[in-house]
$ cat model-v2.csv   # CSV, C-alpha atoms
chain,number,residue,atom,x,y,z
A,25,MET,CA,22.1,-3.9,13.6
A,26,SER,CA,24.2,-5.9,11.2
A,27,ALA,CA,24.1,-4.9,7.5
A,28,ILE,CA,21.5,-6.5,5.3
A,29,THR,CA,23.1,-8.7,2.7
A,30,HIS,CA,20.1,-10.6,1.2
A,31,HIS,CA,17.8,-8.3,-0.7
A,32,ILE,CA,14.6,-8.4,-2.8
A,33,PRO,CA,15.4,-9.6,-6.4
A,34,GLU,CA,14.9,-7.1,-9.2
A,35,ASP,CA,12.0,-8.8,-10.9
A,36,MET,CA,10.1,-9.2,-7.6
A,37,MET,CA,10.7,-5.5,-6.8
A,38,ALA,CA,9.3,-4.5,-10.2
A,39,ALA,CA,6.3,-6.7,-9.7
A,40,TYR,CA,5.7,-5.1,-6.3
A,41,ALA,CA,6.0,-1.6,-7.7
A,42,ALA,CA,3.6,-2.5,-10.4
A,43,GLY,CA,1.2,-4.0,-7.9
A,44,THR,CA,1.2,-7.4,-9.5
A,45,LEU,CA,2.9,-9.4,-6.7
A,46,PRO,CA,0.5,-11.7,-4.8
A,47,HIS,CA,-0.4,-10.4,-1.3
A,48,PRO,CA,1.7,-12.8,0.9
A,49,TYR,CA,4.9,-11.8,-1.0
A,50,ALA,CA,3.9,-8.2,-1.1
A,51,MET,CA,3.8,-8.2,2.7
A,52,VAL,CA,7.3,-9.6,2.9
A,53,VAL,CA,8.6,-7.0,0.4
A,54,ALA,CA,6.9,-4.1,2.2
A,55,ALA,CA,8.3,-5.3,5.5
A,56,HIS,CA,11.8,-5.7,4.0
A,57,ILE,CA,11.7,-2.2,2.5
A,58,SER,CA,10.7,-0.8,5.9
A,59,LEU,CA,14.1,-2.1,7.1
A,60,CYS,CA,16.3,-1.6,4.1
A,61,SER,CA,17.1,1.8,2.6
A,62,GLU,CA,18.8,0.2,-0.4
A,63,CYS,CA,15.6,-1.5,-1.5
A,64,ARG,CA,13.6,1.6,-0.6
A,65,ALA,CA,15.7,3.5,-3.1
A,66,ALA,CA,15.2,0.7,-5.7
A,67,LEU,CA,11.4,0.9,-5.2
A,68,GLY,CA,11.6,4.7,-5.7
A,69,ALA,CA,13.3,4.1,-9.1
A,70,TYR,CA,10.5,1.7,-10.2
A,71,HIS,CA,7.9,4.2,-9.1
A,72,ALA,CA,9.7,6.8,-11.2
A,73,VAL,CA,9.2,4.6,-14.2
A,74,GLY,CA,5.6,4.1,-13.3
A,75,GLY,CA,5.2,7.9,-12.9
A,76,ALA,CA,6.8,8.5,-16.3
A,77,LEU,CA,4.4,6.0,-17.9
A,78,LEU,CA,1.5,7.6,-16.1
A,79,GLU,CA,2.4,11.0,-17.6
A,80,LYS,CA,2.7,9.5,-21.1
A,81,THR,CA,-0.6,7.6,-20.9
A,82,ALA,CA,-3.1,8.7,-23.4
A,83,ASN,CA,-5.6,11.0,-21.7
A,84,ILE,CA,-9.2,10.0,-21.4
A,85,ALA,CA,-11.4,13.0,-20.5
A,86,VAL,CA,-13.2,12.7,-17.2
A,87,THR,CA,-16.9,13.6,-16.9
A,88,ASN,CA,-17.5,17.3,-16.2
A,89,SER,CA,-18.9,16.8,-12.7
A,90,LEU,CA,-16.0,14.8,-11.4
A,91,LYS,CA,-13.8,17.9,-10.7
A,92,SER,CA,-16.6,19.8,-9.0
A,93,ASN,CA,-17.4,16.8,-6.9
A,94,VAL,CA,-13.8,16.3,-5.8
A,95,MET,CA,-13.4,20.1,-5.1
A,96,ALA,CA,-16.5,20.0,-3.0
A,97,MET,CA,-15.2,17.1,-1.0
A,98,LEU,CA,-11.9,18.7,-0.1
A,99,ASP,CA,-13.1,20.2,3.2
A,100,ALA,CA,-15.4,17.3,4.2
A,101,PRO,CA,-14.3,15.7,7.4
A,102,VAL,CA,-12.8,12.3,6.9
A,103,GLN,CA,-12.5,9.3,9.2
A,104,PRO,CA,-8.8,8.6,8.8
A,105,LYS,CA,-7.9,5.0,8.2
A,106,PRO,CA,-5.9,3.6,11.1
A,107,VAL,CA,-2.2,3.8,10.5
A,108,TYR,CA,-0.1,1.1,12.0
A,109,ASP,CA,3.4,2.1,12.9
A,110,SER,CA,6.2,-0.3,13.4
A,111,GLN,CA,6.3,-1.7,17.0
A,112,GLY,CA,9.4,-3.4,18.4
A,113,ILE,CA,10.7,-5.8,15.8
A,114,TYR,CA,7.5,-5.7,13.7
A,115,PRO,CA,7.4,-3.3,10.8
A,116,GLY,CA,4.2,-1.3,10.0
A,117,PRO,CA,2.9,-3.7,7.3
A,118,VAL,CA,3.2,-6.6,9.8
A,119,MET,CA,1.5,-4.5,12.6
A,120,GLU,CA,-1.3,-3.8,10.1
A,121,ALA,CA,-1.8,-7.5,9.5
A,122,LEU,CA,-1.8,-8.1,13.3
A,123,HIS,CA,-4.4,-5.2,13.6
A,124,GLY,CA,-2.0,-3.5,16.0
A,125,ARG,CA,-2.0,-6.4,18.5
A,126,SER,CA,0.7,-8.8,19.6
A,127,PRO,CA,1.1,-12.1,17.6
A,128,ARG,CA,-1.0,-15.0,18.8
A,129,TRP,CA,1.4,-17.8,18.9
A,130,LYS,CA,0.4,-21.4,18.4
A,131,THR,CA,2.9,-24.0,19.3
A,132,LEU,CA,4.2,-26.4,16.7
A,133,GLY,CA,6.3,-28.5,19.1
A,134,MET,CA,10.0,-28.3,20.1
A,135,GLY,CA,9.6,-24.7,21.1
A,136,VAL,CA,8.7,-23.7,17.5
A,137,LYS,CA,5.6,-21.4,17.2
A,138,GLN,CA,3.7,-19.8,14.5
A,139,SER,CA,1.2,-17.0,14.1
A,140,ILE,CA,-0.7,-17.0,10.8
A,141,LEU,CA,-1.3,-13.5,9.5
A,142,SER,CA,-3.3,-14.4,6.4
A,143,GLU,CA,-4.1,-17.5,4.5
A,144,THR,CA,-6.1,-17.9,1.3
A,145,ASP,CA,-6.1,-20.4,-1.6
A,146,SER,CA,-3.4,-18.3,-3.3
A,147,GLY,CA,-0.9,-18.4,-0.4
A,148,SER,CA,-0.2,-17.7,3.2
A,149,VAL,CA,1.9,-15.4,5.3
A,150,ARG,CA,2.9,-16.2,8.9
A,151,LEU,CA,5.3,-15.3,11.7
A,152,LEU,CA,7.6,-18.1,12.8
A,153,TYR,CA,9.3,-18.2,16.2
A,154,ILE,CA,12.3,-20.6,16.4
A,155,PRO,CA,14.3,-20.9,19.7
A,156,ALA,CA,18.1,-20.5,19.4
A,157,GLY,CA,19.8,-23.7,18.3
A,158,GLN,CA,16.5,-25.2,17.1
A,159,ALA,CA,16.0,-26.3,13.5
A,160,VAL,CA,13.0,-25.2,11.6
A,161,PRO,CA,11.3,-28.4,10.6
A,162,ASP,CA,13.0,-29.8,7.5
A,163,HIS,CA,10.8,-28.8,4.6
A,164,SER,CA,10.6,-28.1,0.9
A,165,HIS,CA,8.1,-26.1,-0.9
A,166,ASN,CA,5.5,-26.6,-3.6
A,167,GLY,CA,6.1,-23.0,-4.8
A,168,LEU,CA,8.1,-20.0,-3.8
A,169,GLU,CA,8.8,-19.2,-0.1
A,170,LEU,CA,10.1,-15.8,1.1
A,171,THR,CA,11.5,-15.6,4.6
A,172,LEU,CA,12.4,-12.3,6.2
A,173,VAL,CA,14.3,-12.3,9.5
A,174,LEU,CA,12.8,-9.9,12.1
A,175,GLN,CA,14.8,-11.0,15.2
A,176,GLY,CA,17.9,-13.2,15.7
A,177,SER,CA,19.3,-15.0,12.8
A,178,PHE,CA,19.3,-18.4,11.1
A,179,SER,CA,21.7,-20.4,9.0
A,180,ASP,CA,21.1,-23.1,6.4
A,181,GLU,CA,22.9,-24.8,3.5
A,182,THR,CA,22.9,-21.5,1.6
A,183,GLY,CA,24.2,-19.1,4.2
A,184,ARG,CA,23.5,-17.0,7.2
A,185,PHE,CA,20.4,-14.7,7.4
A,186,GLY,CA,20.2,-11.8,10.0
A,187,VAL,CA,17.7,-9.1,10.7
A,188,GLY,CA,16.4,-7.7,7.5
A,189,ASP,CA,17.7,-10.5,5.3
A,190,VAL,CA,15.3,-12.3,2.9
A,191,GLU,CA,15.8,-15.9,1.9
A,192,ILE,CA,14.1,-16.9,-1.3
A,193,GLY,CA,13.4,-20.6,-1.6
A,194,ASP,CA,12.0,-22.3,-4.7
A,195,GLU,CA,10.8,-25.8,-5.1
A,196,ASP,CA,14.3,-27.1,-5.6
A,197,LEU,CA,15.6,-25.8,-2.3
A,198,GLU,CA,15.4,-28.5,0.4
A,199,HIS,CA,16.9,-26.9,3.4
A,200,THR,CA,17.2,-27.1,7.1
A,201,PRO,CA,17.4,-23.6,8.6
A,202,ILE,CA,18.8,-23.6,12.2
A,203,ALA,CA,18.3,-20.6,14.5
A,204,ASP,CA,21.7,-19.2,15.6
A,205,ALA,CA,22.7,-18.8,19.2
A,206,GLY,CA,21.4,-15.7,20.9
A,207,ASP,CA,17.9,-14.4,20.7
A,208,ALA,CA,15.1,-16.7,19.4
A,209,CYS,CA,14.8,-16.2,15.6
A,210,ILE,CA,11.5,-14.6,14.5
A,211,CYS,CA,10.7,-14.6,10.8
A,212,LEU,CA,8.0,-13.5,8.5
A,213,ALA,CA,7.4,-16.3,6.0
A,214,ALA,CA,5.2,-16.2,2.8
A,215,THR,CA,4.4,-19.1,0.5
A,216,ASP,CA,2.0,-19.5,-2.4
A,217,ALA,CA,1.4,-23.1,-1.4
A,218,PRO,CA,1.4,-25.2,1.7
A,219,LEU,CA,4.9,-26.1,3.0
A,220,ARG,CA,5.8,-29.7,2.8
A,221,PHE,CA,7.4,-30.8,6.0
A,222,ASN,CA,9.6,-33.8,5.7
A,223,ALA,CA,10.0,-34.6,9.3
A,224,PHE,CA,8.9,-33.2,12.7
A,225,VAL,CA,5.3,-32.7,11.7
A,226,PRO,CA,3.9,-35.7,10.1
A,227,ARG,CA,2.3,-35.1,6.7
A,228,LEU,CA,-1.0,-36.2,8.0
A,229,LEU,CA,-1.0,-33.4,10.6
A,230,GLN,CA,-0.3,-30.6,8.1
A,231,PRO,CA,-4.0,-29.7,7.5
A,232,PHE,CA,-4.4,-29.6,11.3
A,233,PHE,CA,-1.5,-27.2,11.8
A,234,ARG,CA,-2.3,-25.4,8.5
A,235,ILE,CA,1.3,-25.5,7.4
B,10,MET,CA,26.1,30.0,-13.1
B,11,PRO,CA,23.8,28.5,-15.8
B,12,VAL,CA,22.4,31.0,-18.2
B,13,GLN,CA,18.9,29.9,-17.3
B,14,ALA,CA,18.4,28.1,-14.0
B,15,PRO,CA,16.4,24.9,-14.5
B,16,GLN,CA,12.9,25.1,-13.1
B,17,MET,CA,11.1,22.7,-10.9
B,18,SER,CA,8.5,20.8,-12.8
B,19,GLN,CA,5.0,22.4,-12.8
B,20,ALA,CA,3.5,19.3,-11.1
B,21,THR,CA,6.1,19.5,-8.2
B,22,VAL,CA,5.3,23.3,-7.8
B,23,TRP,CA,1.6,22.5,-7.6
B,24,LEU,CA,1.9,19.7,-5.2
B,25,VAL,CA,4.2,21.6,-2.9
B,26,ALA,CA,1.6,24.5,-2.9
B,27,VAL,CA,-1.1,22.0,-2.0
B,28,ARG,CA,1.1,20.6,0.8
B,29,ASP,CA,2.3,23.9,2.3
B,30,GLN,CA,-0.6,26.3,1.5
B,31,ARG,CA,-3.5,23.9,1.0
B,32,ASP,CA,-3.8,25.8,-2.3
B,33,LYS,CA,-7.1,24.8,-4.0
B,34,ASP,CA,-6.2,26.5,-7.3
B,35,ALA,CA,-2.9,24.5,-7.4
B,36,PHE,CA,-5.0,21.3,-6.6
B,37,GLY,CA,-7.4,22.2,-9.4
B,38,ALA,CA,-4.4,22.4,-11.8
B,39,LEU,CA,-3.1,19.1,-10.6
B,40,PHE,CA,-6.5,17.6,-11.1
B,41,ASP,CA,-6.7,18.9,-14.7
B,42,TYR,CA,-3.3,17.5,-15.5
B,43,PHE,CA,-3.5,14.1,-13.8
B,44,ALA,CA,-7.2,13.1,-13.7
B,45,PRO,CA,-7.5,12.3,-17.5
B,46,ARG,CA,-4.1,10.5,-17.4
B,47,LEU,CA,-5.1,8.5,-14.4
B,48,LYS,CA,-8.4,7.6,-16.1
B,49,GLY,CA,-6.6,6.4,-19.2
B,50,PHE,CA,-4.0,4.6,-17.0
B,51,ILE,CA,-6.7,2.8,-14.9
B,52,MET,CA,-8.9,1.9,-17.9
B,53,ARG,CA,-5.9,0.2,-19.6
B,54,SER,CA,-6.0,-2.4,-16.9
B,55,GLY,CA,-9.5,-3.4,-17.9
B,56,THR,CA,-11.5,-1.3,-15.5
B,57,GLY,CA,-14.7,0.2,-16.9
B,58,ALA,CA,-15.1,4.0,-17.3
B,59,ALA,CA,-17.4,4.5,-14.3
B,60,GLN,CA,-15.3,2.6,-11.8
B,61,ALA,CA,-12.2,4.2,-13.2
B,62,GLU,CA,-13.7,7.6,-12.4
B,63,GLU,CA,-14.5,6.4,-8.9
B,64,ILE,CA,-10.8,5.5,-8.5
B,65,VAL,CA,-9.6,8.8,-10.0
B,66,GLN,CA,-11.8,10.6,-7.5
B,67,ASP,CA,-10.3,8.5,-4.7
B,68,VAL,CA,-6.7,9.0,-5.8
B,69,MET,CA,-7.1,12.8,-6.2
B,70,LEU,CA,-8.7,13.1,-2.7
B,71,THR,CA,-5.9,11.0,-1.3
B,72,VAL,CA,-3.4,13.4,-3.0
B,73,TRP,CA,-5.1,16.3,-1.2
B,74,ARG,CA,-5.3,14.5,2.2
B,75,LYS,CA,-1.9,13.0,2.1
B,76,ALA,CA,0.0,15.9,0.5
B,77,GLU,CA,1.9,16.4,3.8
B,78,MET,CA,3.7,13.1,3.1
B,79,PHE,CA,5.0,14.3,-0.3
B,80,ASP,CA,8.7,14.9,-0.1
B,81,PRO,CA,10.2,16.2,-3.4
B,82,HIS,CA,13.6,15.2,-2.2
B,83,ARG,CA,12.5,11.6,-2.3
B,84,ALA,CA,10.1,11.2,-5.2
B,85,GLN,CA,8.9,13.0,-8.3
B,86,ALA,CA,5.3,14.2,-8.2
B,87,SER,CA,4.3,11.8,-11.0
B,88,ALA,CA,6.0,8.8,-9.2
B,89,TRP,CA,4.3,9.8,-5.9
B,90,ILE,CA,0.9,10.0,-7.6
B,91,TYR,CA,1.6,6.7,-9.5
B,92,GLN,CA,2.2,4.9,-6.3
B,93,ILE,CA,-1.0,6.3,-4.7
B,94,ALA,CA,-3.0,5.3,-7.8
B,95,ARG,CA,-1.6,1.8,-7.7
B,96,ASN,CA,-2.4,1.4,-4.0
B,97,ARG,CA,-6.0,2.7,-4.3
B,98,GLN,CA,-6.6,0.7,-7.4
B,99,ILE,CA,-5.5,-2.5,-5.7
B,100,ASP,CA,-7.4,-1.8,-2.5
B,101,ILE,CA,-10.6,-1.1,-4.4
B,102,ILE,CA,-10.4,-3.7,-7.1
B,103,ARG,CA,-9.0,-6.6,-5.1
B,104,LYS,CA,-10.8,-5.5,-1.9
B,105,GLU,CA,-7.7,-6.1,0.1
B,106,SER,CA,-5.3,-3.7,1.8
B,107,ARG,CA,-2.1,-3.6,-0.1
B,108,PRO,CA,0.9,-3.9,2.2
B,109,ILE,CA,3.0,-0.8,2.0
B,110,PRO,CA,6.3,0.0,3.7
B,111,ASP,CA,6.6,2.2,6.8
B,112,GLU,CA,6.8,5.9,5.8
B,113,LEU,CA,10.2,7.5,6.6
B,114,ALA,CA,9.9,10.2,9.2
B,115,GLN,CA,10.5,13.6,7.7
B,116,ASP,CA,13.0,15.8,9.4
B,117,PRO,CA,11.1,19.0,10.2
B,118,GLU,CA,14.4,20.9,10.6
B,119,ALA,CA,15.7,20.0,7.2
B,120,GLU,CA,16.1,22.8,4.7
B,121,PRO,CA,14.7,22.2,1.2
B,122,ASP,CA,17.5,21.2,-1.1
B,123,ALA,CA,16.6,22.7,-4.5
B,124,SER,CA,19.4,20.9,-6.3
B,125,GLN,CA,18.1,17.5,-5.2
B,126,ILE,CA,14.5,18.3,-6.1
B,127,LEU,CA,15.7,19.5,-9.5
B,128,ALA,CA,17.7,16.3,-10.0
B,129,PHE,CA,14.6,14.2,-9.4
B,130,ASP,CA,12.5,16.3,-11.7
B,131,GLN,CA,15.2,16.1,-14.4
B,132,GLU,CA,15.4,12.4,-14.0
B,133,ALA,CA,11.6,12.2,-14.6
B,134,GLU,CA,12.0,14.2,-17.8
B,135,GLN,CA,14.8,12.0,-19.0
B,136,LEU,CA,12.8,8.9,-18.2
B,137,LYS,CA,10.0,10.1,-20.4
B,138,THR,CA,12.5,10.8,-23.2
B,139,ALA,CA,14.1,7.4,-22.7
B,140,LEU,CA,10.7,5.6,-22.9
B,141,ASP,CA,10.2,7.1,-26.3
B,142,LEU,CA,13.6,5.7,-27.4
B,143,LEU,CA,12.8,2.1,-26.5
B,144,GLN,CA,12.1,-0.5,-29.1
B,145,PRO,CA,8.3,-0.8,-29.6
B,146,ASP,CA,8.2,-4.4,-28.2
B,147,GLN,CA,10.3,-3.4,-25.1
B,148,LYS,CA,8.1,-0.4,-24.5
B,149,GLU,CA,4.9,-2.4,-24.9
B,150,MET,CA,6.1,-5.0,-22.3
B,151,ILE,CA,7.1,-2.3,-19.8
B,152,GLU,CA,3.7,-0.6,-20.3
B,153,LYS,CA,1.9,-3.9,-19.8
B,154,ALA,CA,3.9,-4.7,-16.7
B,155,TYR,CA,3.2,-1.3,-15.2
B,156,LEU,CA,-0.1,-0.2,-16.5
B,157,GLY,CA,-2.0,-3.4,-16.7
B,158,ASP,CA,-3.1,-5.2,-13.6
B,159,LEU,CA,-1.3,-8.2,-14.9
B,160,THR,CA,1.2,-10.7,-13.6
B,161,HIS,CA,4.0,-11.8,-15.8
B,162,GLN,CA,2.2,-15.1,-16.2
B,163,GLU,CA,-0.9,-13.3,-17.6
B,164,ILE,CA,1.1,-11.2,-20.0
B,165,SER,CA,2.5,-14.3,-21.6
B,166,VAL,CA,-1.0,-15.7,-22.1
B,167,GLN,CA,-2.2,-12.5,-23.7
B,168,THR,CA,0.8,-12.0,-26.0
B,169,GLY,CA,1.5,-15.7,-26.6
B,170,LEU,CA,5.1,-15.3,-25.6
B,171,PRO,CA,6.8,-17.8,-23.3
B,172,LEU,CA,7.3,-16.5,-19.7
B,173,GLY,CA,11.1,-16.5,-20.0
B,174,THR,CA,10.9,-14.2,-23.0
B,175,VAL,CA,8.5,-11.8,-21.2
B,176,LYS,CA,10.8,-11.5,-18.2
B,177,SER,CA,13.9,-11.0,-20.3
B,178,ARG,CA,12.2,-8.4,-22.5
B,179,ILE,CA,11.1,-6.5,-19.4
B,180,ARG,CA,14.6,-6.7,-18.0
B,181,LEU,CA,16.1,-5.6,-21.4
B,182,GLY,CA,13.7,-2.7,-21.5
B,183,LEU,CA,14.6,-1.6,-17.9
B,184,ASN,CA,18.3,-2.0,-18.6
B,185,ARG,CA,17.9,0.0,-21.8
B,186,LEU,CA,16.1,2.7,-19.8
B,187,ARG,CA,19.0,2.8,-17.4
B,188,ARG,CA,21.5,3.1,-20.2
B,189,GLU,CA,19.5,5.9,-21.8
B,190,LEU,CA,19.4,7.7,-18.5
B,191,LYS,CA,23.2,7.5,-18.1
B,192,GLY,CA,23.6,8.7,-21.6
B,193,LEU,CA,21.4,11.7,-20.9
B,194,ARG,CA,23.2,12.7,-17.7

$ encode --input "model-v2.csv" --output "structure tokens"
Amino acid sequence: MSAITHHIPEDMMAAYAAGTLPHPYAMVVAAHISLCSECRAALGAYHAVGGALLEKTANIAVTNSLKSNVMAMLDAPVQPKPVYDSQGIYPGPVMEALHGRSPRWKTLGMGVKQSILSETDSGSVRLLYIPAGQAVPDHSHNGLELTLVLQGSFSDETGRFGVGDVEIGDEDLEHTPIADAGDACICLAATDAPLRFNAFVPRLLQPFFRI
Amino acid sequence: MPVQAPQMSQATVWLVAVRDQRDKDAFGALFDYFAPRLKGFIMRSGTGAAQAEEIVQDVMLTVWRKAEMFDPHRAQASAWIYQIARNRQIDIIRKESRPIPDELAQDPEAEPDASQILAFDQEAEQLKTALDLLQPDQKEMIEKAYLGDLTHQEISVQTGLPLGTVKSRIRLGLNRLRRELKGLR
């Protein structure tokens, strides 16, 4: 695997560690950290700050019964929550969003496919499949878009992005990513607003495709 | 040889005893130390006392059940518990499963490396000292970013500071923390 050169920016990592990053971005950050030991170490440093703050937080006494309740529950059998391990190119947090199944691809035309993992009013996160040599539909964003490469690579006006790299696009970035030769490029993409496609998918069809 | 060998932090000793011996006395000690801190921490993000106790219970049970995942070579006890608390808090309050990275596999053959564990523990102590040396406004911003369930946007509404100022103050605070840590090393 080639070395990861595009990482999670510091303020985003701090927000993820603090738990304040919106869910779609948090999934991209968690998936990136699964692939990137440098950012895993950075997250550890932010957790250390969180731990120090926790230790220095003013105590508030818990009710007397809480400890005896907890002690009594230690040996109770528990139904473990399913743990989703990484599978192939998909890190654990993506497998969890997929409920352990393979992505259900929906074609967008020209060989480009997507599989929506979650979509709410506050944002969406999806897998994108782009055949080698194919352009991702020319688009700009209303808000912030994070794109993590899981397979293959793509290049655009700002550089080349390989497996593990994260591209951060804000509203000013109008770019045309093109999948490089080789394997089809598969990305995890999160936005806090619908993408605006400038060509390829007419604006009128966007609600239909949910992009 | 140092005159007095540095000791592993008490919390690390308890947590390792819970992990390796399923030691309930050690767990009780962990509970006594962390439960009131967790309650204070969770209530600072606007959660009521009753729900805060539910979350504390959930966090402490998770500590017991997931203790096998604790690796003192990778995280301090307080950092590990902080991360569990944040995950449980978000799952319970937002009713969504917070995405978390794949766990790194532990090497069962690996021998414990006391110097690395001690280095982590000392870093935690130094961080606490450094927090006390921050300017009050920097400390307040870092506490709000970490303890409150608040986005940067929401902090600026609450404090009446523009977003840029909040971000730069958090960054200044974090940079200052790093410098203090270097100075203490």

$ residues_near_point --input "model-v2.csv" --point "(8.4, 3.6, -10.0)" --cutoff "10 Å" --atoms "only C-alpha atoms" --output "PyMOL selection string"
(chain A and resi 37-38+40-42+66-77) or (chain B and resi 84-85+87-89+91-92+155)

$ write_last_selection --input "model-v2.csv" --atoms "C-alpha atoms" --output "PDB file, keeping the file's coordinate frame"
ATOM      1  CA  MET A  37      10.700  -5.500  -6.800  1.00  0.00           C
ATOM      2  CA  ALA A  38       9.300  -4.500 -10.200  1.00  0.00           C
ATOM      3  CA  TYR A  40       5.700  -5.100  -6.300  1.00  0.00           C
ATOM      4  CA  ALA A  41       6.000  -1.600  -7.700  1.00  0.00           C
ATOM      5  CA  ALA A  42       3.600  -2.500 -10.400  1.00  0.00           C
ATOM      6  CA  ALA A  66      15.200   0.700  -5.700  1.00  0.00           C
ATOM      7  CA  LEU A  67      11.400   0.900  -5.200  1.00  0.00           C
ATOM      8  CA  GLY A  68      11.600   4.700  -5.700  1.00  0.00           C
ATOM      9  CA  ALA A  69      13.300   4.100  -9.100  1.00  0.00           C
ATOM     10  CA  TYR A  70      10.500   1.700 -10.200  1.00  0.00           C
ATOM     11  CA  HIS A  71       7.900   4.200  -9.100  1.00  0.00           C
ATOM     12  CA  ALA A  72       9.700   6.800 -11.200  1.00  0.00           C
ATOM     13  CA  VAL A  73       9.200   4.600 -14.200  1.00  0.00           C
ATOM     14  CA  GLY A  74       5.600   4.100 -13.300  1.00  0.00           C
ATOM     15  CA  GLY A  75       5.200   7.900 -12.900  1.00  0.00           C
ATOM     16  CA  ALA A  76       6.800   8.500 -16.300  1.00  0.00           C
ATOM     17  CA  LEU A  77       4.400   6.000 -17.900  1.00  0.00           C
TER      18      LEU A  77
ATOM     19  CA  ALA B  84      10.100  11.200  -5.200  1.00  0.00           C
ATOM     20  CA  GLN B  85       8.900  13.000  -8.300  1.00  0.00           C
ATOM     21  CA  SER B  87       4.300  11.800 -11.000  1.00  0.00           C
ATOM     22  CA  ALA B  88       6.000   8.800  -9.200  1.00  0.00           C
ATOM     23  CA  TRP B  89       4.300   9.800  -5.900  1.00  0.00           C
ATOM     24  CA  TYR B  91       1.600   6.700  -9.500  1.00  0.00           C
ATOM     25  CA  GLN B  92       2.200   4.900  -6.300  1.00  0.00           C
ATOM     26  CA  TYR B 155       3.200  -1.300 -15.200  1.00  0.00           C
TER      27      TYR B 155
END

$ residues_around --input "model-v2.csv" --residues "region 126-139 of chain A" --least-positions-apart "3" --cutoff "8 Å" --atoms "all atoms listed in the file" --output "PyMOL selection string"
chain A and resi 122+150-155+158+160+233

$ residues_around --input "model-v2.csv" --residues "Gly116 (chain A)" --least-positions-apart "5" --cutoff "10 Å" --atoms "all atoms listed in the file" --output "PDB file with C-alpha atoms, keeping the file's coordinate frame"
ATOM      1  CA  ALA A  54       6.900  -4.100   2.200  1.00  0.00           C
ATOM      2  CA  ALA A  55       8.300  -5.300   5.500  1.00  0.00           C
ATOM      3  CA  SER A  58      10.700  -0.800   5.900  1.00  0.00           C
ATOM      4  CA  VAL A 107      -2.200   3.800  10.500  1.00  0.00           C
ATOM      5  CA  TYR A 108      -0.100   1.100  12.000  1.00  0.00           C
ATOM      6  CA  ASP A 109       3.400   2.100  12.900  1.00  0.00           C
ATOM      7  CA  SER A 110       6.200  -0.300  13.400  1.00  0.00           C
ATOM      8  CA  GLN A 111       6.300  -1.700  17.000  1.00  0.00           C
ATOM      9  CA  ALA A 121      -1.800  -7.500   9.500  1.00  0.00           C
ATOM     10  CA  LEU A 122      -1.800  -8.100  13.300  1.00  0.00           C
ATOM     11  CA  GLY A 124      -2.000  -3.500  16.000  1.00  0.00           C
TER      12      GLY A 124
ATOM     13  CA  PRO B 108       0.900  -3.900   2.200  1.00  0.00           C
ATOM     14  CA  ILE B 109       3.000  -0.800   2.000  1.00  0.00           C
ATOM     15  CA  PRO B 110       6.300   0.000   3.700  1.00  0.00           C
ATOM     16  CA  ASP B 111       6.600   2.200   6.800  1.00  0.00           C
ATOM     17  CA  GLU B 112       6.800   5.900   5.800  1.00  0.00           C
TER      18      GLU B 112
END

$ residues_around --input "model-v2.csv" --residues "Val102 (chain A)" --least-positions-apart "4" --cutoff "12 Å" --atoms "all atoms listed in the file" --output "JSON, numbers by chain"
{"A": [97, 98, 106], "B": [70, 71, 73, 74, 75]}

$ closest_residue --input "model-v2.csv" --among "A:Leu212, A:Leu174, A:Ala96, A:Ile28" --to "chain B" --atoms "only C-alpha atoms"
A:Ala96

$ atom_distance --input "model-v2.csv" --atom1 "CA of Ile32 (chain A)" --atom2 "CA of Cys63 (chain A)"
7.1 Å

$ residues_around --input "model-v2.csv" --residues "Gln66 (chain B)" --least-positions-apart "3" --cutoff "10 Å" --atoms "all atoms listed in the file" --output "PyMOL selection string"
(chain A and resi 90-91+93-95+97) or (chain B and resi 40+44+47-48+60-63+69-72)

$ atom_distance --input "model-v2.csv" --atom1 "CA of Val68 (chain B)" --atom2 "CA of Met150 (chain B)"
25.1 Å

$ atom_distance --input "model-v2.csv" --atom1 "CA of Ala76 (chain B)" --atom2 "CA of Arg64 (chain A)"
19.8 Å

$ closest_residue --input "model-v2.csv" --among "B:Val27, B:Leu143, B:Ile90, B:Met17" --to "chain A" --atoms "only C-alpha atoms"
B:Ile90

$ residues_near_point --input "model-v2.csv" --point "(22.0, -9.8, 3.5)" --cutoff "9 Å" --atoms "all atoms listed in the file" --output "short mmCIF file (atom, residue, chain, number, x, y, z; two decimals) with C-alpha atoms, in the coordinates of the input"
data_model
loop_
_atom_site.label_atom_id
_atom_site.label_comp_id
_atom_site.auth_asym_id
_atom_site.auth_seq_id
_atom_site.Cartn_x
_atom_site.Cartn_y
_atom_site.Cartn_z
CA SER A 26 24.20 -5.90 11.20
CA ALA A 27 24.10 -4.90 7.50
CA ILE A 28 21.50 -6.50 5.30
CA THR A 29 23.10 -8.70 2.70
CA HIS A 30 20.10 -10.60 1.20
CA HIS A 31 17.80 -8.30 -0.70
CA ARG A 184 23.50 -17.00 7.20
CA PHE A 185 20.40 -14.70 7.40
CA GLY A 186 20.20 -11.80 10.00
CA VAL A 187 17.70 -9.10 10.70
CA GLY A 188 16.40 -7.70 7.50
CA ASP A 189 17.70 -10.50 5.30
CA VAL A 190 15.30 -12.30 2.90
CA GLU A 191 15.80 -15.90 1.90
#

$ residues_around --input "model-v2.csv" --residues "Gly206 (chain A)" --least-positions-apart "2" --cutoff "9 Å" --atoms "all atoms listed in the file" --output "MDAnalysis selection string"
chainID A and resid 155:157 176:177 203:204 208:209

$ write_last_selection --input "model-v2.csv" --atoms "C-alpha atoms" --output "compact mmCIF listing (two decimals), keeping the file's coordinate frame"
# COMPACT_ATOMS: atom_id res chain seq x y z
CA PRO A 155 14.30 -20.90 19.70
CA ALA A 156 18.10 -20.50 19.40
CA GLY A 157 19.80 -23.70 18.30
CA GLY A 176 17.90 -13.20 15.70
CA SER A 177 19.30 -15.00 12.80
CA ALA A 203 18.30 -20.60 14.50
CA ASP A 204 21.70 -19.20 15.60
CA ALA A 208 15.10 -16.70 19.40
CA CYS A 209 14.80 -16.20 15.60
